[in-house]
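With mmCIF, C-alpha atoms and all ligand atoms inside, this is work10.cif:
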```cif
data_entry
loop_
_atom_site.label_atom_id
_atom_site.label_comp_id
_atom_site.auth_asym_id
_atom_site.auth_seq_id
_atom_site.Cartn_x
_atom_site.Cartn_y
_atom_site.Cartn_z
CA MET A 1324 -0.91 -1.23 -25.51
CA PHE A 1325 -0.01 -3.26 -22.37
CA SER A 1326 -1.17 -6.79 -21.60
CA PHE A 1327 -2.12 -5.77 -18.02
CA LYS A 1328 -4.95 -3.58 -16.70
CA HIS A 1329 -3.23 -2.85 -13.38
CA LEU A 1330 0.54 -2.88 -12.78
CA LEU A 1331 0.69 -4.88 -9.56
CA SER A 1332 3.62 -7.26 -9.95
CA PRO A 1333 6.16 -8.30 -12.56
CA ASP A 1334 4.30 -11.61 -12.87
CA GLN A 1335 1.70 -9.90 -15.09
CA VAL A 1336 4.26 -8.22 -17.32
CA THR A 1337 5.42 -9.71 -20.62
CA LYS A 1338 8.69 -9.09 -22.46
CA ALA A 1339 6.65 -7.17 -25.07
CA ASP A 1340 5.31 -4.94 -22.23
CA VAL A 1341 8.87 -4.22 -21.04
CA GLU A 1342 9.90 -3.25 -24.55
CA LYS A 1343 6.80 -1.09 -24.98
CA VAL A 1344 7.73 0.75 -21.77
CA PHE A 1345 11.26 1.32 -23.17
CA GLU A 1346 9.81 2.65 -26.45
CA LEU A 1347 7.41 5.03 -24.67
CA ALA A 1348 10.07 6.14 -22.20
CA ASP A 1349 12.33 7.05 -25.13
CA ARG A 1350 9.44 9.02 -26.61
CA PHE A 1351 8.80 10.89 -23.35
CA ALA A 1352 12.43 11.35 -22.22
CA GLU A 1353 12.75 14.91 -23.48
CA THR A 1354 9.44 16.00 -21.92
CA ALA A 1355 10.37 14.24 -18.68
CA ASP A 1356 13.35 16.56 -18.39
CA HIS A 1357 11.47 19.72 -17.34
CA GLY A 1358 9.13 19.81 -20.35
CA SER A 1359 5.40 19.31 -20.76
CA ASN A 1360 2.81 17.95 -23.17
CA LYS A 1361 -0.99 17.63 -23.20
CA GLU A 1362 -1.24 13.83 -23.69
CA LEU A 1363 -3.16 13.36 -20.43
CA ASP A 1364 -4.98 16.68 -20.32
CA GLY A 1365 -7.98 16.41 -17.98
CA LYS A 1366 -6.90 13.12 -16.42
CA VAL A 1367 -6.42 12.79 -12.66
CA LEU A 1368 -3.88 10.62 -10.80
CA GLY A 1369 -4.75 9.57 -7.23
CA ALA A 1370 -1.48 9.10 -5.33
CA LEU A 1371 -2.06 7.12 -2.13
CA PHE A 1372 1.16 6.69 -0.19
CA PHE A 1373 0.69 4.97 3.15
CA GLU A 1374 4.43 4.45 3.68
CA PRO A 1375 7.29 6.99 3.32
CA SER A 1376 8.54 7.82 -0.18
CA THR A 1377 10.48 10.61 -1.82
CA ARG A 1378 11.40 9.39 -5.32
CA THR A 1379 8.50 7.16 -6.23
CA ARG A 1380 5.79 9.55 -5.15
CA LEU A 1381 7.34 12.69 -6.57
CA SER A 1382 8.39 11.11 -9.85
CA THR A 1383 4.96 9.47 -10.32
CA GLU A 1384 3.24 12.77 -9.63
CA THR A 1385 5.70 14.58 -11.93
CA ALA A 1386 5.05 11.98 -14.64
CA MET A 1387 1.35 12.88 -14.53
CA LEU A 1388 1.83 16.64 -14.31
CA ARG A 1389 4.31 16.79 -17.21
CA GLN A 1390 1.68 15.14 -19.44
CA GLY A 1391 -0.91 17.78 -18.61
CA GLY A 1392 -2.76 15.71 -16.01
CA SER A 1393 -3.36 16.60 -12.38
CA VAL A 1394 -2.83 14.88 -9.06
CA ILE A 1395 -4.81 14.34 -5.87
CA ASN A 1396 -3.13 12.59 -2.99
CA VAL A 1397 -3.33 11.05 0.44
CA ILE A 1398 -0.05 10.90 2.31
CA GLY A 1399 0.14 8.61 5.35
CA MET A 1400 -2.37 6.28 6.98
CA GLU A 1401 -3.30 8.89 9.60
CA SER A 1402 -4.91 11.19 7.04
CA SER A 1403 -7.07 8.54 5.34
CA SER A 1404 -10.23 6.70 6.39
CA LEU A 1405 -8.19 3.46 6.45
CA LYS A 1406 -7.37 4.75 9.92
CA LYS A 1407 -11.10 4.50 10.78
CA GLY A 1408 -11.17 0.91 9.57
CA GLU A 1409 -12.38 1.36 5.99
CA SER A 1410 -11.33 -1.62 3.88
CA LEU A 1411 -8.81 -1.38 1.05
CA GLN A 1412 -11.44 -2.44 -1.49
CA ASP A 1413 -13.92 0.20 -0.31
CA THR A 1414 -11.19 2.83 -0.36
CA ALA A 1415 -10.39 1.84 -3.94
CA ARG A 1416 -14.06 2.03 -4.96
CA MET A 1417 -14.28 5.55 -3.51
CA VAL A 1418 -11.06 6.87 -5.04
CA SER A 1419 -12.11 5.48 -8.44
CA ASN A 1420 -14.83 8.19 -8.44
CA PHE A 1421 -12.20 10.91 -8.28
CA ALA A 1422 -9.18 9.58 -10.16
CA ASP A 1423 -8.63 8.06 -13.62
CA ILE A 1424 -5.60 6.11 -12.39
CA ILE A 1425 -4.26 5.34 -8.91
CA ALA A 1426 -0.68 4.90 -7.65
CA MET A 1427 -0.41 3.31 -4.24
CA ARG A 1428 2.26 2.37 -1.69
CA HIS A 1429 1.41 0.41 1.43
CA PRO A 1430 3.49 -1.41 4.10
CA ASP A 1431 1.74 -4.79 3.69
CA VAL A 1432 2.64 -7.41 1.08
CA GLY A 1433 -0.37 -8.02 -1.17
CA SER A 1434 -2.21 -4.86 -0.07
CA VAL A 1435 -2.09 -3.14 -3.47
CA GLU A 1436 -3.45 -6.26 -5.17
CA GLU A 1437 -6.28 -6.36 -2.60
CA PHE A 1438 -6.94 -2.64 -3.21
CA ALA A 1439 -7.05 -3.18 -6.98
CA LYS A 1440 -9.91 -5.68 -6.59
CA GLY A 1441 -12.14 -2.76 -5.60
CA SER A 1442 -10.81 -0.26 -8.12
CA LEU A 1443 -12.68 0.73 -11.27
CA VAL A 1444 -9.56 2.39 -12.72
CA PRO A 1445 -5.97 1.18 -13.30
CA VAL A 1446 -3.82 0.76 -10.19
CA ILE A 1447 -0.03 0.97 -10.03
CA ASN A 1448 1.83 -0.79 -7.22
CA CYS A 1449 4.42 1.69 -5.96
CA GLY A 1450 5.67 -0.73 -3.31
CA ASP A 1451 3.84 -3.22 -1.08
CA GLY A 1452 5.98 -3.96 1.98
CA ALA A 1453 8.72 -6.45 1.19
CA GLY A 1454 6.71 -7.63 -1.84
CA ASP A 1455 7.14 -5.87 -5.17
CA HIS A 1456 8.08 -2.53 -6.69
CA PRO A 1457 7.46 -3.01 -10.42
CA THR A 1458 7.86 0.62 -11.55
CA GLN A 1459 11.29 0.73 -9.91
CA ALA A 1460 12.26 -2.52 -11.65
CA LEU A 1461 11.15 -1.12 -15.01
CA LEU A 1462 13.17 2.07 -14.55
CA ASP A 1463 16.16 -0.03 -13.46
CA MET A 1464 15.83 -2.16 -16.60
CA TYR A 1465 15.51 0.95 -18.75
CA THR A 1466 18.63 2.47 -17.17
CA ILE A 1467 20.65 -0.68 -17.92
CA TYR A 1468 19.24 -0.85 -21.45
CA LYS A 1469 20.14 2.79 -22.13
CA LYS A 1470 23.76 2.19 -21.10
CA TYR A 1471 24.39 -1.10 -22.91
CA GLY A 1472 21.73 -1.05 -25.66
CA ARG A 1473 20.80 -4.60 -24.63
CA LEU A 1474 20.12 -6.80 -21.62
CA ASP A 1475 21.16 -10.14 -23.10
CA GLY A 1476 24.61 -11.31 -22.12
CA LEU A 1477 25.00 -9.10 -19.05
CA LYS A 1478 26.48 -10.20 -15.74
CA ILE A 1479 24.48 -8.55 -12.97
CA ALA A 1480 25.23 -8.66 -9.23
CA LEU A 1481 22.43 -7.88 -6.76
CA VAL A 1482 23.94 -7.02 -3.40
CA GLY A 1483 22.72 -6.50 0.14
CA ASP A 1484 19.24 -7.03 1.57
CA LEU A 1485 17.79 -9.52 -0.89
CA LYS A 1486 15.32 -10.77 1.72
CA PHE A 1487 13.31 -7.60 2.31
CA GLY A 1488 14.37 -5.54 -0.73
CA ARG A 1489 11.25 -5.38 -2.91
CA THR A 1490 13.07 -3.76 -5.81
CA VAL A 1491 15.26 -6.83 -6.34
CA HIS A 1492 12.26 -9.16 -6.03
CA SER A 1493 10.65 -7.39 -8.97
CA LEU A 1494 13.89 -6.86 -10.89
CA ILE A 1495 14.93 -10.53 -11.10
CA LYS A 1496 11.58 -11.43 -12.66
CA LEU A 1497 11.94 -8.85 -15.43
CA LEU A 1498 15.62 -9.64 -16.00
CA ALA A 1499 14.62 -13.28 -16.48
CA PHE A 1500 13.16 -12.35 -19.89
CA TYR A 1501 16.77 -11.96 -21.05
CA GLN A 1502 19.89 -14.14 -21.14
CA VAL A 1503 21.50 -12.65 -18.03
CA GLU A 1504 23.84 -14.09 -15.42
CA LEU A 1505 22.67 -13.17 -11.90
CA ILE A 1506 24.94 -13.12 -8.86
CA LEU A 1507 22.98 -12.83 -5.60
CA ILE A 1508 25.36 -11.45 -2.95
CA SER A 1509 24.05 -11.20 0.61
CA PRO A 1510 24.72 -12.29 4.17
CA GLU A 1511 23.01 -15.60 5.01
CA ALA A 1512 20.35 -13.78 7.08
CA LEU A 1513 19.37 -11.56 4.12
CA LYS A 1514 19.31 -14.16 1.35
CA MET A 1515 16.72 -13.97 -1.41
CA PRO A 1516 13.65 -15.86 -0.06
CA GLU A 1517 13.35 -19.46 -1.19
CA LYS A 1518 10.25 -18.79 -3.32
CA TYR A 1519 12.25 -16.45 -5.57
CA GLU A 1520 15.07 -18.96 -5.92
CA GLU A 1521 12.54 -21.65 -6.81
CA TRP A 1522 11.13 -19.31 -9.44
CA LEU A 1523 14.60 -18.65 -10.91
CA LYS A 1524 15.22 -22.40 -11.09
CA GLU A 1525 11.87 -23.00 -12.76
CA LYS A 1526 12.64 -20.37 -15.39
CA GLY A 1527 16.12 -21.76 -15.99
CA VAL A 1528 17.85 -18.50 -15.07
CA ASN A 1529 21.64 -18.69 -14.70
CA TYR A 1530 22.23 -17.55 -11.10
CA LYS A 1531 24.39 -18.19 -8.06
CA VAL A 1532 24.02 -17.36 -4.36
CA VAL A 1533 27.16 -16.12 -2.59
CA SER A 1534 28.22 -13.90 0.30
CA ASP A 1535 31.71 -12.65 -0.57
CA LEU A 1536 31.40 -9.20 -2.14
CA GLU A 1537 34.79 -8.47 -3.65
CA ALA A 1538 35.37 -11.84 -5.33
CA ASN A 1539 31.88 -11.90 -6.84
CA LEU A 1540 31.72 -8.30 -7.99
CA GLN A 1541 34.73 -8.97 -10.22
CA ASP A 1542 34.06 -7.85 -13.81
CA VAL A 1543 30.29 -7.54 -13.48
CA ASP A 1544 28.46 -5.32 -15.95
CA VAL A 1545 26.07 -4.10 -13.26
CA GLY A 1546 26.46 -3.91 -9.49
CA TYR A 1547 23.01 -3.23 -7.98
CA ILE A 1548 23.26 -2.44 -4.29
CA THR A 1549 20.36 -2.29 -1.83
CA ARG A 1550 19.88 -0.71 1.60
CA VAL A 1551 19.31 -3.06 4.54
CA GLN A 1552 15.58 -2.38 5.14
CA GLN A 1553 15.47 -1.36 8.82
CA GLU A 1554 11.68 -0.91 8.71
CA ARG A 1555 11.14 -4.63 8.02
CA PHE A 1556 13.12 -5.90 11.06
CA ASP A 1557 11.30 -6.96 14.26
CA ASP A 1558 14.67 -7.14 16.06
CA GLN A 1559 16.62 -3.86 15.82
CA ALA A 1560 19.75 -5.52 17.29
CA GLU A 1561 19.72 -7.86 14.28
CA TYR A 1562 19.40 -4.85 11.98
CA MET A 1563 22.41 -3.21 13.66
CA ARG A 1564 24.40 -6.42 13.18
CA LEU A 1565 23.60 -6.56 9.46
CA LYS A 1566 23.30 -2.96 8.33
CA ASP A 1567 26.91 -2.49 7.29
CA SER A 1568 27.41 -5.95 5.78
CA TYR A 1569 28.68 -4.41 2.56
CA ILE A 1570 30.16 -0.97 1.98
CA ILE A 1571 31.11 -0.07 -1.58
CA ASN A 1572 33.55 2.72 -2.28
CA ARG A 1573 35.14 4.08 -5.42
CA ALA A 1574 38.47 2.32 -4.92
CA LEU A 1575 36.70 -1.04 -4.75
CA MET A 1576 34.70 -0.38 -7.93
CA GLU A 1577 37.76 0.85 -9.83
CA ARG A 1578 39.70 -2.22 -8.71
CA VAL A 1579 37.15 -4.98 -9.36
CA ALA A 1580 34.66 -3.67 -11.95
CA PRO A 1581 36.02 -0.46 -13.49
CA ASN A 1582 33.71 -0.54 -16.53
CA SER A 1583 30.53 -1.44 -14.68
CA MET A 1584 27.39 0.45 -13.73
CA LEU A 1585 26.89 0.97 -10.00
CA MET A 1586 23.15 1.12 -9.27
CA HIS A 1587 20.97 1.60 -6.20
CA PRO A 1588 17.20 2.22 -5.93
CA LEU A 1589 17.87 4.77 -3.19
CA PRO A 1590 17.61 5.98 -0.50
CA ARG A 1591 21.14 4.89 0.42
CA LEU A 1592 22.65 4.95 3.85
CA ASP A 1593 26.30 3.93 4.14
CA GLU A 1594 26.34 1.06 1.62
CA ILE A 1595 27.63 3.30 -1.18
CA ALA A 1596 30.30 5.79 -0.09
CA VAL A 1597 29.78 9.32 -1.38
CA ASP A 1598 33.17 9.15 -3.12
CA CYS A 1599 31.40 7.04 -5.78
CA ASP A 1600 29.01 9.86 -6.66
CA ASP A 1601 31.18 11.54 -9.29
CA TRP A 1602 32.59 8.24 -10.62
CA GLU A 1603 31.50 7.73 -14.24
CA GLY A 1604 30.08 4.30 -13.37
CA ALA A 1605 27.67 5.72 -10.77
CA TYR A 1606 24.13 5.42 -12.17
CA TYR A 1607 21.92 5.81 -9.10
CA PHE A 1608 21.03 9.44 -9.75
CA LYS A 1609 20.48 8.64 -13.44
CA GLN A 1610 18.02 5.96 -12.33
CA VAL A 1611 16.00 8.65 -10.53
CA LYS A 1612 16.00 10.83 -13.65
CA ASN A 1613 14.92 7.93 -15.87
CA GLY A 1614 12.15 7.21 -13.37
CA VAL A 1615 10.09 10.15 -14.62
CA ALA A 1616 10.16 9.04 -18.28
CA VAL A 1617 9.44 5.43 -17.34
CA ARG A 1618 6.52 6.41 -15.10
CA MET A 1619 5.21 8.69 -17.85
CA ALA A 1620 5.30 5.64 -20.10
CA ILE A 1621 3.51 3.44 -17.57
CA ILE A 1622 0.74 5.97 -16.82
CA PHE A 1623 0.26 6.81 -20.50
CA GLY A 1624 0.23 3.13 -21.45
CA LEU A 1625 -2.27 2.15 -18.75
CA LEU A 1626 -4.61 4.99 -19.68
CA ASN A 1627 -4.43 4.00 -23.34
CA SER A 1628 -4.65 0.19 -23.03
N1 LIG B 1 13.38 3.87 -4.72
C1 LIG B 1 12.33 4.21 -3.95
O1 LIG B 1 11.31 3.51 -3.87
O2 LIG B 1 12.50 5.38 -3.25
P1 LIG B 1 11.41 6.07 -2.33
O3 LIG B 1 11.19 5.15 -1.14
O4 LIG B 1 11.97 7.39 -1.93
O5 LIG B 1 10.14 6.19 -3.11
#
```

How does the structure come out when it is put into structure tokens?
Ligand code: CP
Amino acid sequence: MFSFKHLLSPDQVTKADVEKVFELADRFAETADHGSNKELDGKVLGALFFEPSTRTRLSTETAMLRQGGSVINVIGMESSSLKKGESLQDTARMVSNFADIIAMRHPDVGSVEEFAKGSLVPVINCGDGAGDHPTQALLDMYTIYKKYGRLDGLKIALVGDLKFGRTVHSLIKLLAFYQVELILISPEALKMPEKYEEWLKEKGVNYKVVSDLEANLQDVDVGYITRVQQERFDDQAEYMRLKDSYIINRALMERVAPNSMLMHPLPRLDEIAVDCDDWEGAYYFKQVKNGVAVRMAIIFGLLNS
């Protein structure tokens, strides 16, 4: 069904995989909205979240429960034997005895990939530090696809913390399957790391790097805003200097991109004013809703690959 055994990074995902996720998410959308089926009856999801999460954990667990499966979980480093020094690979080997599939979030880049080496069952990366967040990227792609019916030809601005924001690191790699125009808007200190720019160049993606918000948000199809990731800063004074680099309000969106989608992986702080929430272009709560169907698709697909 999918070309990958574990979903660790967008690098393993093909365009056919993305489209399979869309197809399955369409199939599960009705069930995702407070319904249930028995597709995964008897299967167990291990949810290991060693870093805070509201949406990803709850929607992943919901995705399992709505398909008739069940969930076991470990929340926080303190309550696991990682705290006693057990390795990630040993932890994975142990949890594989209990769960048929594992979803994991961890603060260190590369940790979920390391964990997966010891796992006997499929592993889903639900966020590894400032690395990747592939399930978020897939639900973002699905949300855009549902609005426009296509991804080709879209002008997409990614705004804010492009250095530490793992959702945008994963998203650009999936968007690169399509003929999109990317506008990377950030302060100099929060630019997309060089390795991602090199990758975009290698793939021949049409992109530009800029810092002025208003001029570059003009007439975009999608404005995707990210929170400045306080938890990744060693210097909190630097965080305070950068945290309000861009504030988007409804007047700005109506002036520069009135027909666009305004997206955010959430949680938001002040970067999107609450006066945007009932604007018809606000899609950030729809992203959360789509997250259940997309994660149902991913879990179902991995367990049937
Ligand atoms: N978008 C996202 O990853 O949210 P959580 O941190 O609440 O899971």

Give me, as a PDB file with C-alpha atoms, in the coordinates of the input, the set of residues whose atoms come within 6 Å of any atom of ligand LIG 1 (chain B), counting only C-alpha atoms and all ligand atoms.
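The resulting file, out13.pdb, is reproduced below:
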```
ATOM      1  CA  SER A1376       8.540   7.820  -0.180  1.00  0.00           C
ATOM      2  CA  THR A1377      10.480  10.610  -1.820  1.00  0.00           C
ATOM      3  CA  ARG A1378      11.400   9.390  -5.320  1.00  0.00           C
ATOM      4  CA  THR A1379       8.500   7.160  -6.230  1.00  0.00           C
ATOM      5  CA  ARG A1380       5.790   9.550  -5.150  1.00  0.00           C
ATOM      6  CA  PRO A1588      17.200   2.220  -5.930  1.00  0.00           C
ATOM      7  CA  LEU A1589      17.870   4.770  -3.190  1.00  0.00           C
ATOM      8  CA  PRO A1590      17.610   5.980  -0.500  1.00  0.00           C
TER       9      PRO A1590
END
```

Ala1439 of chain A: which residues within 10 Å, counting only C-alpha atoms, same-chain residues fewer than 3 positions away excluded, as a PDB file with C-alpha atoms, keeping the file's coordinate frame?
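Below is the file result.pdb, written as the result:
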```
ATOM      1  CA  LYS A1328      -4.950  -3.580 -16.700  1.00  0.00           C
ATOM      2  CA  HIS A1329      -3.230  -2.850 -13.380  1.00  0.00           C
ATOM      3  CA  LEU A1330       0.540  -2.880 -12.780  1.00  0.00           C
ATOM      4  CA  LEU A1331       0.690  -4.880  -9.560  1.00  0.00           C
ATOM      5  CA  LEU A1411      -8.810  -1.380   1.050  1.00  0.00           C
ATOM      6  CA  GLN A1412     -11.440  -2.440  -1.490  1.00  0.00           C
ATOM      7  CA  THR A1414     -11.190   2.830  -0.360  1.00  0.00           C
ATOM      8  CA  ALA A1415     -10.390   1.840  -3.940  1.00  0.00           C
ATOM      9  CA  ARG A1416     -14.060   2.030  -4.960  1.00  0.00           C
ATOM     10  CA  ILE A1425      -4.260   5.340  -8.910  1.00  0.00           C
ATOM     11  CA  MET A1427      -0.410   3.310  -4.240  1.00  0.00           C
ATOM     12  CA  SER A1434      -2.210  -4.860  -0.070  1.00  0.00           C
ATOM     13  CA  VAL A1435      -2.090  -3.140  -3.470  1.00  0.00           C
ATOM     14  CA  GLU A1436      -3.450  -6.260  -5.170  1.00  0.00           C
ATOM     15  CA  SER A1442     -10.810  -0.260  -8.120  1.00  0.00           C
ATOM     16  CA  LEU A1443     -12.680   0.730 -11.270  1.00  0.00           C
ATOM     17  CA  VAL A1444      -9.560   2.390 -12.720  1.00  0.00           C
ATOM     18  CA  PRO A1445      -5.970   1.180 -13.300  1.00  0.00           C
ATOM     19  CA  VAL A1446      -3.820   0.760 -10.190  1.00  0.00           C
ATOM     20  CA  ILE A1447      -0.030   0.970 -10.030  1.00  0.00           C
ATOM     21  CA  ASN A1448       1.830  -0.790  -7.220  1.00  0.00           C
TER      22      ASN A1448
END
```

Exercise. List the neighbours of Lys1526 of chain A out to 10 Å using all atoms listed in the file; skip same-chain residues closer than 6 positions along the sequence, and give me the result as an MDAnalysis selection string.
Key: chainID A and resid 1496 1499:1500 1520

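Comparing the minimum interatomic distances between Asp1423 of chain A and each of A:Val1503, A:Ile1467, A:Val1397, A:Leu1363, counting only C-alpha atoms, we find that A:Leu1363 sits nearest.
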
Exercise. Kindly indicate which residue among A:Pro1516, A:Pro1581, A:Gly1604, A:Pro1457 lies nearest to Val1336 of chain A, using only C-alpha atoms for the distances.
Key: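 With only C-alpha atoms as the atom set, the closest residue is A:Pro1457.
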
Quiz item: How far is it from atom CA of Val1482 of chain A to atom CA of Cys1599 of chain A, in Å with one decimal?
Solution: 16.1 Å

Can you tell me, as lines of an AutoDock Vina configuration file, the centre and edge lengths (Å, one decimal) of the axis-aligned box enclosing all of segment 1541-1560 of chain A's listed atoms after padding each side by 5 Å?
```
center_x = 22.9
center_y = -4.8
center_z = 0.7
size_x = 33.6
size_y = 18.3
size_z = 43.2
```

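With distances taken over all atoms listed in the file, A:Glu1517 is the one residue among A:Asp1544, A:Glu1517, A:Asp1598, A:Asp1475 lying closest to Val1532 of chain A.
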
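The nearest approach to Gly1454 of chain A among the residues A:Glu1409, A:Asp1600, A:Asp1349, A:Asp1431, with only C-alpha atoms taken into account, belongs to A:Asp1431.
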
Quiz prompt | Close residues, Ser1534 of chain A itself excluded, 9 Å, only C-alpha atoms, min 2 positions apart in chain, as a PyMOL selection string | solution = chain A and resi 1482+1507-1511+1514+1532+1536+1539

Produce a file of the selected residues containing C-alpha atoms, as a short mmCIF file (atom, residue, chain, number, x, y, z; two decimals), in the coordinates of the input.
```cif
data_model
loop_
_atom_site.label_atom_id
_atom_site.label_comp_id
_atom_site.auth_asym_id
_atom_site.auth_seq_id
_atom_site.Cartn_x
_atom_site.Cartn_y
_atom_site.Cartn_z
CA VAL A 1482 23.94 -7.02 -3.40
CA LEU A 1507 22.98 -12.83 -5.60
CA ILE A 1508 25.36 -11.45 -2.95
CA SER A 1509 24.05 -11.20 0.61
CA PRO A 1510 24.72 -12.29 4.17
CA GLU A 1511 23.01 -15.60 5.01
CA LYS A 1514 19.31 -14.16 1.35
CA VAL A 1532 24.02 -17.36 -4.36
CA LEU A 1536 31.40 -9.20 -2.14
CA ASN A 1539 31.88 -11.90 -6.84
#
```

Self-check item: Within 12 Å of Ala1512 of chain A using all atoms listed in the file, minus same-chain residues under 2 positions, as a list in words
Solution: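 The residues that qualify are Gly1483, Asp1484, Leu1485, Lys1486, Phe1487, Ile1508, Ser1509, Pro1510, Lys1514, Met1515, Pro1516, Ser1534, Val1551, Phe1556, Glu1561, Tyr1562, Arg1564, Leu1565, Lys1566 and Ser1568 of chain A.
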
Could the residues in this selection be written to a file with C-alpha atoms, as an mmCIF file, in the coordinates of the input?
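Once written, again_39.cif looks like this:
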```cif
data_model
loop_
_atom_site.group_PDB
_atom_site.id
_atom_site.type_symbol
_atom_site.label_atom_id
_atom_site.label_comp_id
_atom_site.auth_asym_id
_atom_site.auth_seq_id
_atom_site.Cartn_x
_atom_site.Cartn_y
_atom_site.Cartn_z
ATOM 1 C CA GLY A 1483 22.720 -6.500 0.140
ATOM 2 C CA ASP A 1484 19.240 -7.030 1.570
ATOM 3 C CA LEU A 1485 17.790 -9.520 -0.890
ATOM 4 C CA LYS A 1486 15.320 -10.770 1.720
ATOM 5 C CA PHE A 1487 13.310 -7.600 2.310
ATOM 6 C CA ILE A 1508 25.360 -11.450 -2.950
ATOM 7 C CA SER A 1509 24.050 -11.200 0.610
ATOM 8 C CA PRO A 1510 24.720 -12.290 4.170
ATOM 9 C CA LYS A 1514 19.310 -14.160 1.350
ATOM 10 C CA MET A 1515 16.720 -13.970 -1.410
ATOM 11 C CA PRO A 1516 13.650 -15.860 -0.060
ATOM 12 C CA SER A 1534 28.220 -13.900 0.300
ATOM 13 C CA VAL A 1551 19.310 -3.060 4.540
ATOM 14 C CA PHE A 1556 13.120 -5.900 11.060
ATOM 15 C CA GLU A 1561 19.720 -7.860 14.280
ATOM 16 C CA TYR A 1562 19.400 -4.850 11.980
ATOM 17 C CA ARG A 1564 24.400 -6.420 13.180
ATOM 18 C CA LEU A 1565 23.600 -6.560 9.460
ATOM 19 C CA LYS A 1566 23.300 -2.960 8.330
ATOM 20 C CA SER A 1568 27.410 -5.950 5.780
#
```

Quiz prompt | Shell around Ala1580 of chain A at 8 Å using only C-alpha atoms, local window under 2 positions removed, as a VMD selection string | solution = chain A and resid 1540 to 1544 1575 to 1578 1582 to 1583

Self-check item: Among the residues A:Asp1463, A:Asp1413, A:Glu1401, A:Asp1567, the one that comes closest to Met1586 of chain A [using all atoms listed in the file]
Solution: A:Asp1463

Self-check item: Closest of A:Gln1552, A:Gly1369, A:Thr1385, A:Tyr1468 to Asn1420 of chain A - atom-to-atom distances counting only C-alpha atoms
Solution: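 Between A:Gln1552, A:Gly1369, A:Thr1385, A:Tyr1468, the residue approaching Asn1420 of chain A most closely is A:Gly1369.
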
Quiz item: In Å, how far is it from atom CA of Asn1572 of chain A to atom CA of Leu1585 of chain A?
Solution: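 Between atom CA of Asn1572 of chain A and atom CA of Leu1585 of chain A the gap works out to 10.3 Å.
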
Quiz prompt | Spatial sel., origin (-4.8, 6.3, -15.3), limit 12 Å, all atoms listed in the file, listed as a ChimeraX atom specification | solution = /A:1328-1330,1362-1370,1383-1384,1386-1387,1390,1392-1394,1419,1421-1426,1442-1447,1618-1628

Quiz item: If you measure from atom CA of Lys1609 of chain A to atom CA of Val1491 of chain A, what distance in Å do you get, rounded to one decimal?
Solution: 17.8 Å

Rebuild N, CA and C atoms on segment 1327-1339 of chain A, as a PDB file, in the frame of the given file?
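Written output follows (out-v2.pdb):
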```
ATOM      1  N   PHE A1327      -1.526  -5.812 -19.371  1.00  0.00           N
ATOM      2  CA  PHE A1327      -2.120  -5.770 -18.020  1.00  0.00           C
ATOM      3  C   PHE A1327      -3.023  -4.551 -17.861  1.00  0.00           C
ATOM      4  N   LYS A1328      -4.019  -4.697 -16.973  1.00  0.00           N
ATOM      5  CA  LYS A1328      -4.950  -3.580 -16.700  1.00  0.00           C
ATOM      6  C   LYS A1328      -4.425  -2.763 -15.517  1.00  0.00           C
ATOM      7  N   HIS A1329      -3.884  -3.478 -14.522  1.00  0.00           N
ATOM      8  CA  HIS A1329      -3.230  -2.850 -13.380  1.00  0.00           C
ATOM      9  C   HIS A1329      -1.760  -3.278 -13.410  1.00  0.00           C
ATOM     10  N   LEU A1330      -0.859  -2.452 -12.914  1.00  0.00           N
ATOM     11  CA  LEU A1330       0.540  -2.880 -12.780  1.00  0.00           C
ATOM     12  C   LEU A1330       0.784  -3.201 -11.306  1.00  0.00           C
ATOM     13  N   LEU A1331       0.614  -4.473 -10.961  1.00  0.00           N
ATOM     14  CA  LEU A1331       0.690  -4.880  -9.560  1.00  0.00           C
ATOM     15  C   LEU A1331       1.979  -5.630  -9.247  1.00  0.00           C
ATOM     16  N   SER A1332       2.402  -6.477 -10.178  1.00  0.00           N
ATOM     17  CA  SER A1332       3.620  -7.260  -9.950  1.00  0.00           C
ATOM     18  C   SER A1332       4.248  -7.590 -11.291  1.00  0.00           C
ATOM     19  N   PRO A1333       5.527  -7.952 -11.283  1.00  0.00           N
ATOM     20  CA  PRO A1333       6.160  -8.300 -12.560  1.00  0.00           C
ATOM     21  C   PRO A1333       5.583  -9.578 -13.158  1.00  0.00           C
ATOM     22  N   ASP A1334       4.858 -10.351 -12.350  1.00  0.00           N
ATOM     23  CA  ASP A1334       4.300 -11.610 -12.870  1.00  0.00           C
ATOM     24  C   ASP A1334       3.292 -11.376 -13.997  1.00  0.00           C
ATOM     25  N   GLN A1335       2.686 -10.182 -14.030  1.00  0.00           N
ATOM     26  CA  GLN A1335       1.700  -9.900 -15.090  1.00  0.00           C
ATOM     27  C   GLN A1335       2.339  -9.354 -16.339  1.00  0.00           C
ATOM     28  N   VAL A1336       3.609  -8.983 -16.246  1.00  0.00           N
ATOM     29  CA  VAL A1336       4.260  -8.220 -17.320  1.00  0.00           C
ATOM     30  C   VAL A1336       4.914  -9.191 -18.306  1.00  0.00           C
ATOM     31  N   THR A1337       4.762  -8.898 -19.595  1.00  0.00           N
ATOM     32  CA  THR A1337       5.420  -9.710 -20.620  1.00  0.00           C
ATOM     33  C   THR A1337       6.678  -8.976 -21.121  1.00  0.00           C
ATOM     34  N   LYS A1338       7.498  -9.709 -21.865  1.00  0.00           N
ATOM     35  CA  LYS A1338       8.690  -9.090 -22.460  1.00  0.00           C
ATOM     36  C   LYS A1338       8.258  -7.970 -23.422  1.00  0.00           C
ATOM     37  N   ALA A1339       7.155  -8.202 -24.137  1.00  0.00           N
ATOM     38  CA  ALA A1339       6.650  -7.170 -25.070  1.00  0.00           C
ATOM     39  C   ALA A1339       6.245  -5.911 -24.274  1.00  0.00           C
TER      40      ALA A1339
END
```
